[in-house]
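Q: So that we are looking at the same thing, I have put the structure below in structure tokens.
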Amino acid sequence: MTLFSTDARSAQDVMTGGVKHTVAEARLGFLTIVGDTASPRPANDRNVTLLRERHNTDWSDIRDTDRLARPILRATVTKSHVIHVSKAGIRGAVIENAYFQIADVAEPYSLRGKQLRVEVQCLWFGRKPKVTWMHLSLLGPSREIFDYTGQVVRNIGR
């Protein structure tokens with residue numbers, strides 16, 4: 001098992017489960033990697049495809065933002081690729097101390113401006129974005145964990 005913490009002064013590349021990240025990209029997210037980074041990224045739960053297909057993607061009656069939104073549904077996962085966030089933002093809401101299952105996509109991390117974001121399997125008021133999963137903005141220290149078993153946030157709302 002290896003442990004990696006980002007260092008904003010370094011521009012080295014970091015391999016996390018077969019996914020390449022630059023430390024410069026992760027500097028605002030304070031990303032820490034926990035797990036065997038030499039092995040390929042494990043597949044998430046078997047129902048990833050089903051999750052994409054069965055959720056409503058009609059956002060016509062859903063709030064775009066809500067600063068009072070909080071995790072309202074959790075699910076148990078086994079041996080999944082997750083991220084623990086100490087503080088993250090989504091659509092005006094701030095989520096603290098929560099685990100999210102990382103989306104099973106080629107590049108779950110992205111930058112929006114100078115903000116590091118991660119794509120996670122989670123709903124907003126019971127709705128899923130049409131093309132991707134939800135993108136959390138990492139606002140504080142975060143840990144990426146491989147082979148996690150436990151509770152993850154599945155829906156944010158009121």
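Convention: chains lettered A, B, ... in structure tokens order; per-chain residue numbering from 1; ligands numbered from 1 as shown.
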Show which residues sit within 6 Å of Pro129 of chain A, as a list in words. Count only C-alpha atoms, and ignore same-chain residues fewer than 3 positions away.
A: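 The filter keeps Thr57, Thr132 and Trp133 of chain A.
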Q: Rank nothing, just name the residue among A:Ala93, A:Ala88, A:Val118, A:Arg74 nearest to Gly150 of chain A, using only C-alpha atoms.
A: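 The shortest atom-to-atom distance to Gly150 of chain A comes from A:Arg74.
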Q: At a cut-off of 10 Å, using only C-alpha atoms, what residues contact Arg127 of chain A? Leave out same-chain residues fewer than 2 positions from it and give the result as a PyMOL selection string.
A: chain A and resi 55-59+62+122-125+129-130+133-134+155-157
Q: Store the residues of this selection in a file with C-alpha atoms, as a PDB file, in the first residue's frame.
A:
ATOM      1  CA  HIS A  55     -32.152   7.427 -12.835  1.00  0.00           C
ATOM      2  CA  ASN A  56     -34.276  10.309 -14.018  1.00  0.00           C
ATOM      3  CA  THR A  57     -32.318  12.853 -16.082  1.00  0.00           C
ATOM      4  CA  ASP A  58     -35.148  15.396 -16.489  1.00  0.00           C
ATOM      5  CA  TRP A  59     -34.045  18.565 -14.687  1.00  0.00           C
ATOM      6  CA  ILE A  62     -35.137  20.683 -10.179  1.00  0.00           C
ATOM      7  CA  CYS A 122     -24.221  10.741  -6.892  1.00  0.00           C
ATOM      8  CA  LEU A 123     -27.592  12.351  -7.621  1.00  0.00           C
ATOM      9  CA  TRP A 124     -28.807  15.931  -7.134  1.00  0.00           C
ATOM     10  CA  PHE A 125     -32.381  15.969  -5.764  1.00  0.00           C
ATOM     11  CA  PRO A 129     -26.894  14.670 -15.218  1.00  0.00           C
ATOM     12  CA  LYS A 130     -27.679  13.421 -18.735  1.00  0.00           C
ATOM     13  CA  TRP A 133     -22.108  11.971 -13.173  1.00  0.00           C
ATOM     14  CA  MET A 134     -21.945  14.804 -10.629  1.00  0.00           C
ATOM     15  CA  ASN A 155     -28.141  11.616  -3.273  1.00  0.00           C
ATOM     16  CA  ILE A 156     -27.856  15.262  -2.249  1.00  0.00           C
ATOM     17  CA  GLY A 157     -31.034  17.252  -1.630  1.00  0.00           C
TER      18      GLY A 157
END
Q: Using only C-alpha atoms, determine which residues lie at most 9 Å from Thr65 of chain A, disregarding the query and same-chain residues fewer than 5 positions distant; provide the list as an mmCIF file with N, CA, C and O atoms, in the first residue's frame.
A:
data_model
loop_
_atom_site.group_PDB
_atom_site.id
_atom_site.type_symbol
_atom_site.label_atom_id
_atom_site.label_comp_id
_atom_site.auth_asym_id
_atom_site.auth_seq_id
_atom_site.Cartn_x
_atom_site.Cartn_y
_atom_site.Cartn_z
ATOM 1 N N ILE A 90 -20.857 21.580 -4.370
ATOM 2 C CA ILE A 90 -21.634 21.165 -5.534
ATOM 3 C C ILE A 90 -22.858 22.065 -5.617
ATOM 4 O O ILE A 90 -23.625 22.156 -4.670
ATOM 5 N N ARG A 91 -23.004 22.785 -6.714
ATOM 6 C CA ARG A 91 -24.191 23.598 -6.990
ATOM 7 C C ARG A 91 -24.589 24.500 -5.828
ATOM 8 O O ARG A 91 -25.748 24.599 -5.469
ATOM 9 N N GLY A 92 -23.625 25.134 -5.189
ATOM 10 C CA GLY A 92 -23.884 26.059 -4.096
ATOM 11 C C GLY A 92 -23.894 25.419 -2.716
ATOM 12 O O GLY A 92 -23.802 26.101 -1.710
ATOM 13 N N ALA A 93 -24.002 24.100 -2.657
ATOM 14 C CA ALA A 93 -23.999 23.397 -1.370
ATOM 15 C C ALA A 93 -22.565 23.041 -0.978
ATOM 16 O O ALA A 93 -21.720 22.804 -1.834
#
Q: Using DSSP assignments from the backbone, pull out every residue in segment 35-154 of chain A that falls under helix (DSSP H, G or I) and give it to me as a list in words.
A: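 After running DSSP on the backbone, segment 35-154 of chain A has helix (DSSP H, G or I) at Val48, Thr49, Leu50, Leu51, Arg52, Glu53 and Arg54 of chain A.
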Q: Would you write out those residues with N, CA, C and O atoms, as a PDB file, in the first residue's frame?
A:
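That gives us again10.pdb:
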ATOM      1  N   VAL A  48     -22.864  -0.275 -11.988  1.00  0.00           N
ATOM      2  CA  VAL A  48     -22.564   1.056 -12.514  1.00  0.00           C
ATOM      3  C   VAL A  48     -23.416   1.352 -13.743  1.00  0.00           C
ATOM      4  O   VAL A  48     -24.036   2.405 -13.850  1.00  0.00           O
ATOM      5  N   THR A  49     -23.482   0.421 -14.678  1.00  0.00           N
ATOM      6  CA  THR A  49     -24.275   0.629 -15.888  1.00  0.00           C
ATOM      7  C   THR A  49     -25.745   0.802 -15.543  1.00  0.00           C
ATOM      8  O   THR A  49     -26.417   1.677 -16.079  1.00  0.00           O
ATOM      9  N   LEU A  50     -26.249   0.000 -14.625  1.00  0.00           N
ATOM     10  CA  LEU A  50     -27.650   0.121 -14.230  1.00  0.00           C
ATOM     11  C   LEU A  50     -27.927   1.473 -13.583  1.00  0.00           C
ATOM     12  O   LEU A  50     -28.973   2.066 -13.802  1.00  0.00           O
ATOM     13  N   LEU A  51     -26.989   1.961 -12.773  1.00  0.00           N
ATOM     14  CA  LEU A  51     -27.185   3.262 -12.145  1.00  0.00           C
ATOM     15  C   LEU A  51     -27.319   4.356 -13.198  1.00  0.00           C
ATOM     16  O   LEU A  51     -28.115   5.273 -13.054  1.00  0.00           O
ATOM     17  N   ARG A  52     -26.538   4.277 -14.259  1.00  0.00           N
ATOM     18  CA  ARG A  52     -26.602   5.284 -15.314  1.00  0.00           C
ATOM     19  C   ARG A  52     -27.946   5.252 -16.033  1.00  0.00           C
ATOM     20  O   ARG A  52     -28.443   6.263 -16.471  1.00  0.00           O
ATOM     21  N   GLU A  53     -28.539   4.087 -16.169  1.00  0.00           N
ATOM     22  CA  GLU A  53     -29.749   3.948 -16.971  1.00  0.00           C
ATOM     23  C   GLU A  53     -31.037   4.178 -16.194  1.00  0.00           C
ATOM     24  O   GLU A  53     -32.010   4.627 -16.760  1.00  0.00           O
ATOM     25  N   ARG A  54     -31.084   3.880 -14.916  1.00  0.00           N
ATOM     26  CA  ARG A  54     -32.361   3.884 -14.225  1.00  0.00           C
ATOM     27  C   ARG A  54     -32.733   5.199 -13.560  1.00  0.00           C
ATOM     28  O   ARG A  54     -33.836   5.327 -13.056  1.00  0.00           O
TER      29      ARG A  54
END
Q: Can you measure atom CA of Val152 of chain A to atom CA of Tyr99 of chain A for me? One decimal in Å is fine.
A: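 Here the two named atoms are 4.8 Å from each other.
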Q: So that I can see what lies close to Ser110 of chain A, please list as number ranges by chain the residues with an atom at most 9 Å from it, counting only C-alpha atoms and leaving out residues fewer than 5 positions away in the same chain.
A: A: 25, 115-119, 135
Q: Which of these, A:His81, A:Arg158, A:Arg63, A:Arg143, has the shortest distance to Ala98 of chain A once you count only C-alpha atoms?
A: A:Arg143
